[in-house]
>>> print(open('input33.pdb').read())   # PDB, C-alpha atoms
ATOM      1  CA  MET C 473      43.226  94.089 173.889  1.00  0.00           C
ATOM      2  CA  LYS C 474      44.410  91.363 171.649  1.00  0.00           C
ATOM      3  CA  LEU C 475      45.207  93.918 168.954  1.00  0.00           C
ATOM      4  CA  LYS C 476      47.295  96.032 171.384  1.00  0.00           C
ATOM      5  CA  PHE C 477      49.227  92.978 172.425  1.00  0.00           C
ATOM      6  CA  THR C 478      49.904  92.131 168.820  1.00  0.00           C
ATOM      7  CA  LEU C 479      51.076  95.655 167.986  1.00  0.00           C
ATOM      8  CA  GLU C 480      53.373  95.761 171.002  1.00  0.00           C
ATOM      9  CA  ALA C 481      54.797  92.395 170.106  1.00  0.00           C
ATOM     10  CA  LEU C 482      55.326  93.554 166.533  1.00  0.00           C
ATOM     11  CA  LYS C 483      56.949  96.803 167.674  1.00  0.00           C
ATOM     12  CA  LYS C 484      59.276  94.889 169.966  1.00  0.00           C
ATOM     13  CA  TRP C 485      60.138  92.485 167.212  1.00  0.00           C
ATOM     14  CA  LEU C 486      60.893  95.325 164.780  1.00  0.00           C
ATOM     15  CA  THR C 487      63.020  97.317 167.241  1.00  0.00           C
ATOM     16  CA  PRO C 488      66.673  96.496 166.736  1.00  0.00           C
ATOM     17  CA  PRO C 489      68.425  95.178 169.825  1.00  0.00           C
ATOM     18  CA  LYS C 490      70.167  97.841 171.894  1.00  0.00           C
ATOM     19  CA  PRO C 491      73.864  98.036 171.163  1.00  0.00           C
ATOM     20  CA  HIS C 492      76.142  96.366 173.635  1.00  0.00           C
ATOM     21  CA  ALA C 493      77.040  98.561 176.584  1.00  0.00           C
ATOM     22  CA  LYS C 494      80.725  98.021 175.690  1.00  0.00           C
ATOM     23  CA  PRO C 495      82.653 101.301 175.811  1.00  0.00           C
ATOM     24  CA  ARG C 496      83.551 102.743 172.440  1.00  0.00           C
ATOM     25  CA  LEU C 497      87.110 102.043 171.345  1.00  0.00           C
ATOM     26  CA  THR C 498      89.215 105.203 171.273  1.00  0.00           C
ATOM     27  CA  GLU C 499      92.644 106.125 169.978  1.00  0.00           C
ATOM     28  CA  ARG C 500      93.635 106.771 173.572  1.00  0.00           C
ATOM     29  CA  GLU C 501      92.798 103.187 174.478  1.00  0.00           C
ATOM     30  CA  LEU C 502      94.937 101.962 171.585  1.00  0.00           C
ATOM     31  CA  ILE C 503      97.839 104.130 172.802  1.00  0.00           C
ATOM     32  CA  ASN C 504      97.432 102.543 176.237  1.00  0.00           C
ATOM     33  CA  ARG C 505      97.623  99.075 174.723  1.00  0.00           C
ATOM     34  CA  GLU C 506     100.694 100.009 172.709  1.00  0.00           C
ATOM     35  CA  SER C 507     102.443 101.508 175.698  1.00  0.00           C
ATOM     36  CA  VAL C 508     102.222  98.195 177.540  1.00  0.00           C
ATOM     37  CA  ILE C 509     104.608  96.918 174.884  1.00  0.00           C
ATOM     38  CA  GLY C 510     106.574 100.163 174.652  1.00  0.00           C
ATOM     39  CA  ARG C 511     107.537 100.052 178.308  1.00  0.00           C
ATOM     40  CA  GLN C 512     109.051  96.578 177.867  1.00  0.00           C
ATOM     41  CA  LEU C 513     111.457  97.578 175.110  1.00  0.00           C
ATOM     42  CA  PHE C 514     114.196  98.950 177.353  1.00  0.00           C
ATOM     43  CA  GLY C 515     114.506  96.032 179.724  1.00  0.00           C
ATOM     44  CA  PRO C 516     112.993  95.367 183.151  1.00  0.00           C
ATOM     45  CA  VAL C 517     111.589  98.183 185.301  1.00  0.00           C
ATOM     46  CA  ARG C 518     112.051  98.170 189.083  1.00  0.00           C
ATOM     47  CA  ALA C 519     108.933  97.591 191.164  1.00  0.00           C
ATOM     48  CA  SER C 520     108.805 101.187 192.412  1.00  0.00           C
ATOM     49  CA  ALA C 521     109.501 102.662 188.995  1.00  0.00           C
ATOM     50  CA  ARG C 522     107.320 103.382 186.033  1.00  0.00           C
ATOM     51  CA  ARG C 523     108.127 103.633 182.347  1.00  0.00           C
ATOM     52  CA  GLU C 524     106.026 104.533 179.312  1.00  0.00           C
ATOM     53  CA  PHE C 525     107.137 104.717 175.720  1.00  0.00           C
ATOM     54  CA  PHE C 526     104.634 105.359 172.959  1.00  0.00           C
ATOM     55  CA  CYS C 527     103.897 107.045 169.654  1.00  0.00           C
ATOM     56  CA  LEU C 528     101.608 110.016 170.248  1.00  0.00           C
ATOM     57  CA  ASP C 529     101.207 110.694 166.524  1.00  0.00           C
ATOM     58  CA  PRO C 530     103.466 110.263 163.469  1.00  0.00           C
ATOM     59  CA  HIS C 531     105.505 113.301 164.495  1.00  0.00           C
ATOM     60  CA  THR C 532     105.743 112.728 168.230  1.00  0.00           C
ATOM     61  CA  TRP C 533     107.163 110.013 170.497  1.00  0.00           C
ATOM     62  CA  ILE C 534     107.027 110.089 174.291  1.00  0.00           C
ATOM     63  CA  TRP C 535     109.365 108.408 176.748  1.00  0.00           C
ATOM     64  CA  HIS C 536     108.437 108.781 180.406  1.00  0.00           C
ATOM     65  CA  GLU C 537     110.364 107.489 183.430  1.00  0.00           C
ATOM     66  CA  GLU C 538     109.438 107.742 187.110  1.00  0.00           C
ATOM     67  CA  TRP C 539     111.325 106.308 190.035  1.00  0.00           C
ATOM     68  CA  THR C 540     111.865 106.848 193.744  1.00  0.00           C
ATOM     69  CA  GLU C 541     115.332 107.750 195.006  1.00  0.00           C
ATOM     70  CA  PRO C 542     116.736 106.140 198.180  1.00  0.00           C
ATOM     71  CA  ARG C 543     115.702 109.197 200.222  1.00  0.00           C
ATOM     72  CA  GLY C 544     112.140 108.730 199.025  1.00  0.00           C
ATOM     73  CA  VAL C 545     112.132 111.590 196.535  1.00  0.00           C
ATOM     74  CA  ARG C 546     110.069 110.845 193.467  1.00  0.00           C
ATOM     75  CA  GLN C 547     111.819 111.697 190.202  1.00  0.00           C
ATOM     76  CA  THR C 548     110.153 112.119 186.815  1.00  0.00           C
ATOM     77  CA  ILE C 549     111.620 112.564 183.361  1.00  0.00           C
ATOM     78  CA  THR C 550     109.360 113.052 180.358  1.00  0.00           C
ATOM     79  CA  THR C 551     111.141 113.172 177.040  1.00  0.00           C
ATOM     80  CA  ARG C 552     109.326 114.288 173.956  1.00  0.00           C
ATOM     81  CA  TYR C 553     110.754 113.618 170.501  1.00  0.00           C
ATOM     82  CA  ASP C 554     109.257 115.836 167.781  1.00  0.00           C
ATOM     83  CA  ILE C 555     109.983 115.194 164.132  1.00  0.00           C
ATOM     84  CA  ARG C 556     110.292 118.540 162.405  1.00  0.00           C
ATOM     85  CA  GLY C 557     111.248 118.421 158.780  1.00  0.00           C
ATOM     86  CA  SER C 558     114.351 116.267 158.529  1.00  0.00           C
ATOM     87  CA  GLN C 559     115.335 116.630 162.190  1.00  0.00           C
ATOM     88  CA  ILE C 560     114.193 115.170 165.475  1.00  0.00           C
ATOM     89  CA  ILE C 561     113.951 117.630 168.340  1.00  0.00           C
ATOM     90  CA  LYS C 562     114.158 116.378 171.923  1.00  0.00           C
ATOM     91  CA  THR C 563     112.545 118.230 174.819  1.00  0.00           C
ATOM     92  CA  GLN C 564     113.090 116.859 178.310  1.00  0.00           C
ATOM     93  CA  ASN C 565     110.973 118.085 181.244  1.00  0.00           C
ATOM     94  CA  ASN C 566     110.219 121.296 179.345  1.00  0.00           C
ATOM     95  CA  GLN C 567     113.912 122.244 179.155  1.00  0.00           C
ATOM     96  CA  ASP C 568     115.352 123.847 176.042  1.00  0.00           C
ATOM     97  CA  PRO C 569     114.841 121.686 172.977  1.00  0.00           C
ATOM     98  CA  GLU C 570     117.855 120.102 171.285  1.00  0.00           C
ATOM     99  CA  VAL C 571     118.421 118.262 168.021  1.00  0.00           C
ATOM    100  CA  VAL C 572     118.967 114.503 168.353  1.00  0.00           C
ATOM    101  CA  HIS C 573     122.151 113.272 166.675  1.00  0.00           C
ATOM    102  CA  GLY C 574     124.407 110.260 166.315  1.00  0.00           C
ATOM    103  CA  GLU C 575     124.016 107.302 168.634  1.00  0.00           C
ATOM    104  CA  GLU C 576     120.913 108.689 170.331  1.00  0.00           C
ATOM    105  CA  LEU C 577     119.173 109.053 166.983  1.00  0.00           C
ATOM    106  CA  GLN C 578     120.226 105.557 166.023  1.00  0.00           C
ATOM    107  CA  ASN C 579     118.869 104.205 169.322  1.00  0.00           C
ATOM    108  CA  LEU C 580     115.596 106.077 168.870  1.00  0.00           C
ATOM    109  CA  LEU C 581     115.145 104.586 165.416  1.00  0.00           C
ATOM    110  CA  ALA C 582     115.895 101.109 166.778  1.00  0.00           C
ATOM    111  CA  ALA C 583     113.369 101.616 169.598  1.00  0.00           C
ATOM    112  CA  THR C 584     110.603 102.924 167.323  1.00  0.00           C
ATOM    113  CA  SER C 585     111.254 100.120 164.867  1.00  0.00           C
ATOM    114  CA  ALA C 586     111.060  97.478 167.624  1.00  0.00           C
ATOM    115  CA  TYR C 587     107.883  99.171 168.941  1.00  0.00           C
ATOM    116  CA  TYR C 588     106.285  99.053 165.511  1.00  0.00           C
ATOM    117  CA  ARG C 589     107.173  95.406 164.952  1.00  0.00           C
ATOM    118  CA  ARG C 590     105.820  94.261 168.303  1.00  0.00           C
ATOM    119  CA  VAL C 591     102.715  96.456 168.239  1.00  0.00           C
ATOM    120  CA  ALA C 592     101.834  95.330 164.692  1.00  0.00           C
ATOM    121  CA  SER C 593     102.062  91.733 165.788  1.00  0.00           C
ATOM    122  CA  GLU C 594     100.757  91.829 169.379  1.00  0.00           C
ATOM    123  CA  VAL C 595      98.169  94.622 169.361  1.00  0.00           C
ATOM    124  CA  TYR C 596      96.915  94.764 165.771  1.00  0.00           C
ATOM    125  CA  ASN C 597      97.800  91.333 164.420  1.00  0.00           C
ATOM    126  CA  ARG C 598      98.942  92.960 161.192  1.00  0.00           C
ATOM    127  CA  PRO C 599     101.703  92.014 158.765  1.00  0.00           C
ATOM    128  CA  LEU C 600     104.736  94.276 158.770  1.00  0.00           C
ATOM    129  CA  ALA C 601     104.945  96.957 156.124  1.00  0.00           C
ATOM    130  CA  TYR C 602     108.715  96.488 155.785  1.00  0.00           C
TER     131      TYR C 602
ATOM    132  CA  MET A 306      98.676 103.567 181.506  1.00  0.00           C
ATOM    133  CA  PRO A 307      99.966 106.803 179.974  1.00  0.00           C
ATOM    134  CA  GLU A 308      96.672 108.621 180.608  1.00  0.00           C
ATOM    135  CA  ASP A 309      98.153 111.152 183.001  1.00  0.00           C
ATOM    136  CA  ILE A 310     101.098 111.785 180.675  1.00  0.00           C
ATOM    137  CA  LEU A 311      98.744 112.400 177.775  1.00  0.00           C
ATOM    138  CA  GLN A 312      96.832 114.883 179.900  1.00  0.00           C
ATOM    139  CA  ARG A 313      99.985 116.661 181.020  1.00  0.00           C
ATOM    140  CA  LEU A 314     101.099 116.880 177.404  1.00  0.00           C
ATOM    141  CA  GLY A 315      97.785 118.445 176.482  1.00  0.00           C
ATOM    142  CA  TYR A 316      96.942 115.567 174.160  1.00  0.00           C
ATOM    143  CA  ASN A 317      94.211 116.570 171.773  1.00  0.00           C
ATOM    144  CA  PRO A 318      92.847 113.669 169.725  1.00  0.00           C
ATOM    145  CA  GLU A 319      91.460 115.945 167.022  1.00  0.00           C
ATOM    146  CA  GLU A 320      94.796 117.706 166.639  1.00  0.00           C
ATOM    147  CA  SER A 321      96.539 114.352 166.653  1.00  0.00           C
ATOM    148  CA  ALA A 322      94.285 113.049 163.887  1.00  0.00           C
ATOM    149  CA  ARG A 323      94.900 116.203 161.860  1.00  0.00           C
ATOM    150  CA  ARG A 324      98.655 115.789 162.184  1.00  0.00           C
ATOM    151  CA  GLU A 325      98.383 112.190 161.034  1.00  0.00           C
ATOM    152  CA  ARG A 326      97.171 113.177 157.602  1.00  0.00           C
ATOM    153  CA  PRO A 327     100.062 113.019 155.163  1.00  0.00           C
ATOM    154  CA  VAL A 328     101.269 116.413 154.013  1.00  0.00           C
ATOM    155  CA  ASN A 329     100.434 117.055 150.331  1.00  0.00           C
ATOM    156  CA  GLY A 330      99.057 113.533 150.120  1.00  0.00           C
ATOM    157  CA  SER A 331     102.587 112.177 149.965  1.00  0.00           C
ATOM    158  CA  LEU A 332     101.553 108.756 151.212  1.00  0.00           C
ATOM    159  CA  GLU A 333      99.116 108.443 148.340  1.00  0.00           C
ATOM    160  CA  ASN A 334     102.064 108.384 145.997  1.00  0.00           C
ATOM    161  CA  GLN A 335     103.309 104.809 145.902  1.00  0.00           C
ATOM    162  CA  GLN A 336     106.694 105.831 144.545  1.00  0.00           C
ATOM    163  CA  GLU A 337     107.154 108.137 147.503  1.00  0.00           C
ATOM    164  CA  VAL A 338     106.183 105.345 149.893  1.00  0.00           C
ATOM    165  CA  ASP A 339     108.600 102.957 148.205  1.00  0.00           C
ATOM    166  CA  ASN A 340     111.391 105.501 148.448  1.00  0.00           C
ATOM    167  CA  ARG A 341     110.751 105.894 152.135  1.00  0.00           C
ATOM    168  CA  PHE A 342     110.704 102.107 152.558  1.00  0.00           C
ATOM    169  CA  ASN A 343     114.115 101.999 150.956  1.00  0.00           C
ATOM    170  CA  GLN A 344     115.385 104.753 153.204  1.00  0.00           C
ATOM    171  CA  MET A 345     114.164 102.868 156.214  1.00  0.00           C
ATOM    172  CA  MET A 346     115.737  99.651 155.040  1.00  0.00           C
ATOM    173  CA  HIS A 347     119.036 101.513 154.761  1.00  0.00           C
ATOM    174  CA  ALA A 348     118.624 102.680 158.314  1.00  0.00           C
ATOM    175  CA  GLU A 349     117.686  99.188 159.450  1.00  0.00           C
ATOM    176  CA  PHE A 350     120.746  97.604 157.900  1.00  0.00           C
ATOM    177  CA  PRO A 351     123.537 100.036 158.652  1.00  0.00           C
ATOM    178  CA  GLU A 352     126.312  97.615 157.601  1.00  0.00           C
ATOM    179  CA  HIS A 353     124.922  97.545 154.105  1.00  0.00           C
ATOM    180  CA  PHE A 354     124.417 101.288 154.206  1.00  0.00           C
ATOM    181  CA  GLU A 355     127.943 101.830 155.523  1.00  0.00           C
ATOM    182  CA  ALA A 356     129.344  99.911 152.569  1.00  0.00           C
ATOM    183  CA  GLN A 357     127.362 102.106 150.211  1.00  0.00           C
ATOM    184  CA  THR A 358     128.350 105.311 151.936  1.00  0.00           C
ATOM    185  CA  SER A 359     132.017 104.309 152.078  1.00  0.00           C
ATOM    186  CA  ALA A 360     131.981 103.784 148.331  1.00  0.00           C
ATOM    187  CA  ARG A 361     130.288 107.151 147.885  1.00  0.00           C
ATOM    188  CA  MET A 362     132.789 108.838 150.197  1.00  0.00           C
ATOM    189  CA  GLU A 363     135.716 107.441 148.254  1.00  0.00           C
ATOM    190  CA  GLN A 364     134.148 108.668 145.077  1.00  0.00           C
ATOM    191  CA  GLN A 365     133.575 112.138 146.521  1.00  0.00           C
ATOM    192  CA  GLU A 366     137.033 112.357 148.046  1.00  0.00           C
ATOM    193  CA  ALA A 367     138.483 111.404 144.709  1.00  0.00           C
ATOM    194  CA  HIS A 368     136.723 114.464 143.338  1.00  0.00           C
ATOM    195  CA  GLY A 369     138.143 116.655 146.024  1.00  0.00           C
ATOM    196  CA  ALA A 370     135.100 116.929 148.279  1.00  0.00           C
ATOM    197  CA  THR A 371     136.488 117.850 151.674  1.00  0.00           C
ATOM    198  CA  SER A 372     133.352 117.827 153.755  1.00  0.00           C
ATOM    199  CA  SER A 373     131.914 114.626 152.365  1.00  0.00           C
ATOM    200  CA  ARG A 374     131.947 112.849 155.716  1.00  0.00           C
ATOM    201  CA  GLU A 375     129.910 115.620 157.296  1.00  0.00           C
ATOM    202  CA  LEU A 376     127.471 115.658 154.388  1.00  0.00           C
ATOM    203  CA  LEU A 377     127.038 111.919 154.616  1.00  0.00           C
ATOM    204  CA  ARG A 378     126.414 112.122 158.334  1.00  0.00           C
ATOM    205  CA  GLU A 379     123.711 114.700 157.669  1.00  0.00           C
ATOM    206  CA  ASP A 380     122.225 112.495 154.947  1.00  0.00           C
ATOM    207  CA  LEU A 381     122.170 109.535 157.279  1.00  0.00           C
ATOM    208  CA  GLU A 382     120.491 111.526 160.057  1.00  0.00           C
ATOM    209  CA  LYS A 383     117.860 112.852 157.664  1.00  0.00           C
ATOM    210  CA  MET A 384     117.114 109.298 156.610  1.00  0.00           C
ATOM    211  CA  GLN A 385     116.911 108.138 160.199  1.00  0.00           C
ATOM    212  CA  ALA A 386     114.507 110.960 161.105  1.00  0.00           C
ATOM    213  CA  SER A 387     112.431 110.179 158.036  1.00  0.00           C
ATOM    214  CA  SER A 388     112.322 106.499 159.023  1.00  0.00           C
ATOM    215  CA  VAL A 389     111.069 107.357 162.521  1.00  0.00           C
ATOM    216  CA  GLU A 390     108.372 109.499 160.942  1.00  0.00           C
ATOM    217  CA  GLN A 391     107.421 106.734 158.518  1.00  0.00           C
ATOM    218  CA  ILE A 392     107.079 104.266 161.384  1.00  0.00           C
ATOM    219  CA  GLY A 393     104.716 106.758 163.026  1.00  0.00           C
ATOM    220  CA  TYR A 394     102.593 106.828 159.884  1.00  0.00           C
ATOM    221  CA  TYR A 395     102.396 103.039 159.850  1.00  0.00           C
ATOM    222  CA  ILE A 396     101.260 103.050 163.468  1.00  0.00           C
ATOM    223  CA  GLY A 397      98.706 105.789 162.773  1.00  0.00           C
ATOM    224  CA  GLN A 398      97.349 103.740 159.881  1.00  0.00           C
ATOM    225  CA  MET A 399      97.037 100.632 162.048  1.00  0.00           C
ATOM    226  CA  ARG A 400      95.163 102.656 164.677  1.00  0.00           C
ATOM    227  CA  ARG A 401      92.766 104.048 162.088  1.00  0.00           C
ATOM    228  CA  ASP A 402      92.175 100.581 160.656  1.00  0.00           C
ATOM    229  CA  GLU A 403      91.535  99.163 164.119  1.00  0.00           C
ATOM    230  CA  LEU A 404      89.100 101.966 164.972  1.00  0.00           C
ATOM    231  CA  ALA A 405      87.351 101.505 161.632  1.00  0.00           C
ATOM    232  CA  ARG A 406      87.079  97.784 162.375  1.00  0.00           C
ATOM    233  CA  HIS A 407      85.196  98.808 165.520  1.00  0.00           C
ATOM    234  CA  GLY A 408      83.021 101.227 163.602  1.00  0.00           C
ATOM    235  CA  VAL A 409      84.803 104.403 164.692  1.00  0.00           C
ATOM    236  CA  TYR A 410      85.780 106.799 161.919  1.00  0.00           C
ATOM    237  CA  GLU A 411      87.832 109.992 162.000  1.00  0.00           C
ATOM    238  CA  ASN A 412      85.035 112.268 160.803  1.00  0.00           C
ATOM    239  CA  GLN A 413      82.455 110.638 163.039  1.00  0.00           C
ATOM    240  CA  GLU A 414      83.523 112.083 166.364  1.00  0.00           C
ATOM    241  CA  PRO A 415      86.696 112.829 168.286  1.00  0.00           C
ATOM    242  CA  LEU A 416      88.684 109.652 168.760  1.00  0.00           C
ATOM    243  CA  GLY A 417      89.785 110.231 172.329  1.00  0.00           C
TER     244      GLY A 417
END
>>> encode(input="input33.pdb", output="structure tokens")
Amino acid sequence: MKLKFTLEALKKWLTPPKPHAKPRLTERELINRESVIGRQLFGPVRASARREFFCLDPHTWIWHEEWTEPRGVRQTITTRYDIRGSQIIKTQNNQDPEVVHGEELQNLLAATSAYYRRVASEVYNRPLAY
Amino acid sequence: MPEDILQRLGYNPEESARRERPVNGSLENQQEVDNRFNQMMHAEFPEHFEAQTSARMEQQEAHGATSSRELLREDLEKMQASSVEQIGYYIGQMRRDELARHGVYENQEPLG
């Protein structure tokens, strides 16, 4: 009896503690954290509206807006920016894609740059690469 | 939370991770990275870039180049697109580093 107790105690002592029940960090969770910052980049959002702006992967940025019109109709615009070669292609609500030029391209670069700077500092606590 | 948007877009974490890998290992080449830094800095400081491009335009016009303005606009837009892409790579790298810090690696299991 004493021996059994000793072996059990030894086994318990040798067994590593169970890992914390904390959920595993995922890329999706990091995108969620980044989008909290992304949605703030374009100014305040009305209480009934919703905005998301985030980097899906190095070749894809998403800008999503939702709001309710005075008649109560819910409107949604999802804009996807795809970098293909040396061009950026915009697709809005699955309409025909178009190449982004001029001021819009400049604004997109400014927005992605601001996103990077804030996310590096506020989500990852990392120094800027440029 | 953009969860629903990610779902609607058919977000696939494995595909996303695959797309994050630099093509032809270009990011492993420091010179290439430095060049892209410089391109981005040009895009970040358009006044400085404008001065450079104006000088280049004058030079080209002096040599009879008629479509120089259009070519420069195309150059500028290529640089801007490249800068947006580079920013995406930086963000992807930060995500990978953060996941690695939490013991999650790309080849371990799907990230999402």
>>> resolve_selection(input="input33.pdb", expression="the PyMOL selection byres ((chain C and resi 544-555) around 6)", output="list in words")
His531, Thr532, Trp533, Ile534, Trp535, His536, Glu537, Glu538, Trp539, Thr540, Glu541, Pro542, Arg543, Arg556, Gln559, Ile560, Ile561, Lys562, Thr563, Gln564 and Asn565 of chain C
>>> interface_residues(input="input33.pdb", of="chain C", to="chain A", cutoff="7 Å", atoms="only C-alpha atoms", output="ChimeraX atom specification")
/C:497-500,502,504,524,527,529-531,555,558-560,581,584-585,588,596,602
>>> residues_around(input="input33.pdb", residues="region 511-515 of chain C", least_positions_apart="3", cutoff="7 Å", atoms="all atoms listed in the file", output="PyMOL selection string")
chain C and resi 507-508+523-525
>>> write_last_selection(input="input33.pdb", atoms="C-alpha atoms", output="compact mmCIF listing (two decimals), in the coordinates of the input")
# COMPACT_ATOMS: atom_id res chain seq x y z
CA SER C 507 102.44 101.51 175.70
CA VAL C 508 102.22 98.20 177.54
CA ARG C 523 108.13 103.63 182.35
CA GLU C 524 106.03 104.53 179.31
CA PHE C 525 107.14 104.72 175.72
>>> atom_distance(input="input33.pdb", atom1="CA of Glu363 (chain A)", atom2="CA of Asn579 (chain C)")
27.2 Å
>>> build_atoms(input="input33.pdb", residues="region 572-592 of chain C", atoms="N, CA and C atoms", output="mmCIF file, in the coordinates of the input")
data_model
loop_
_atom_site.group_PDB
_atom_site.id
_atom_site.type_symbol
_atom_site.label_atom_id
_atom_site.label_comp_id
_atom_site.auth_asym_id
_atom_site.auth_seq_id
_atom_site.Cartn_x
_atom_site.Cartn_y
_atom_site.Cartn_z
ATOM 1 N N VAL C 572 118.431 115.835 168.042
ATOM 2 C CA VAL C 572 118.967 114.503 168.353
ATOM 3 C C VAL C 572 119.929 114.089 167.240
ATOM 4 N N HIS C 573 121.128 113.671 167.647
ATOM 5 C CA HIS C 573 122.151 113.272 166.675
ATOM 6 C C HIS C 573 122.709 111.894 167.023
ATOM 7 N N GLY C 574 123.517 111.395 166.090
ATOM 8 C CA GLY C 574 124.407 110.260 166.315
ATOM 9 C C GLY C 574 123.772 109.037 166.949
ATOM 10 N N GLU C 575 124.425 108.558 168.012
ATOM 11 C CA GLU C 575 124.016 107.302 168.634
ATOM 12 C C GLU C 575 122.594 107.385 169.200
ATOM 13 N N GLU C 576 122.256 108.542 169.758
ATOM 14 C CA GLU C 576 120.913 108.689 170.331
ATOM 15 C C GLU C 576 119.848 108.565 169.243
ATOM 16 N N LEU C 577 120.115 109.141 168.095
ATOM 17 C CA LEU C 577 119.173 109.053 166.983
ATOM 18 C C LEU C 577 119.056 107.606 166.500
ATOM 19 N N GLN C 578 120.203 106.958 166.436
ATOM 20 C CA GLN C 578 120.226 105.557 166.023
ATOM 21 C C GLN C 578 119.411 104.703 167.005
ATOM 22 N N ASN C 579 119.605 104.961 168.297
ATOM 23 C CA ASN C 579 118.869 104.205 169.322
ATOM 24 C C ASN C 579 117.368 104.476 169.247
ATOM 25 N N LEU C 580 117.015 105.732 168.979
ATOM 26 C CA LEU C 580 115.596 106.077 168.870
ATOM 27 C C LEU C 580 114.965 105.340 167.696
ATOM 28 N N LEU C 581 115.666 105.304 166.577
ATOM 29 C CA LEU C 581 115.145 104.586 165.416
ATOM 30 C C LEU C 581 114.983 103.098 165.745
ATOM 31 N N ALA C 582 115.979 102.533 166.412
ATOM 32 C CA ALA C 582 115.895 101.109 166.778
ATOM 33 C C ALA C 582 114.693 100.868 167.694
ATOM 34 N N ALA C 583 114.478 101.779 168.648
ATOM 35 C CA ALA C 583 113.369 101.616 169.598
ATOM 36 C C ALA C 583 112.020 101.746 168.898
ATOM 37 N N THR C 584 111.888 102.738 168.011
ATOM 38 C CA THR C 584 110.603 102.924 167.323
ATOM 39 C C THR C 584 110.332 101.759 166.367
ATOM 40 N N SER C 585 111.408 101.254 165.776
ATOM 41 C CA SER C 585 111.254 100.120 164.867
ATOM 42 C C SER C 585 110.803 98.869 165.647
ATOM 43 N N ALA C 586 111.441 98.636 166.792
ATOM 44 C CA ALA C 586 111.060 97.478 167.624
ATOM 45 C C ALA C 586 109.623 97.638 168.116
ATOM 46 N N TYR C 587 109.249 98.864 168.481
ATOM 47 C CA TYR C 587 107.883 99.171 168.941
ATOM 48 C C TYR C 587 106.892 98.823 167.836
ATOM 49 N N TYR C 588 107.187 99.303 166.638
ATOM 50 C CA TYR C 588 106.285 99.053 165.511
ATOM 51 C C TYR C 588 106.115 97.550 165.266
ATOM 52 N N ARG C 589 107.234 96.837 165.248
ATOM 53 C CA ARG C 589 107.173 95.406 164.952
ATOM 54 C C ARG C 589 106.335 94.664 165.983
ATOM 55 N N ARG C 590 106.550 94.973 167.255
ATOM 56 C CA ARG C 590 105.820 94.261 168.303
ATOM 57 C C ARG C 590 104.351 94.669 168.364
ATOM 58 N N VAL C 591 104.100 95.972 168.179
ATOM 59 C CA VAL C 591 102.715 96.456 168.239
ATOM 60 C C VAL C 591 101.905 95.888 167.058
ATOM 61 N N ALA C 592 102.530 95.865 165.877
ATOM 62 C CA ALA C 592 101.834 95.330 164.692
ATOM 63 C C ALA C 592 101.428 93.883 164.946
#
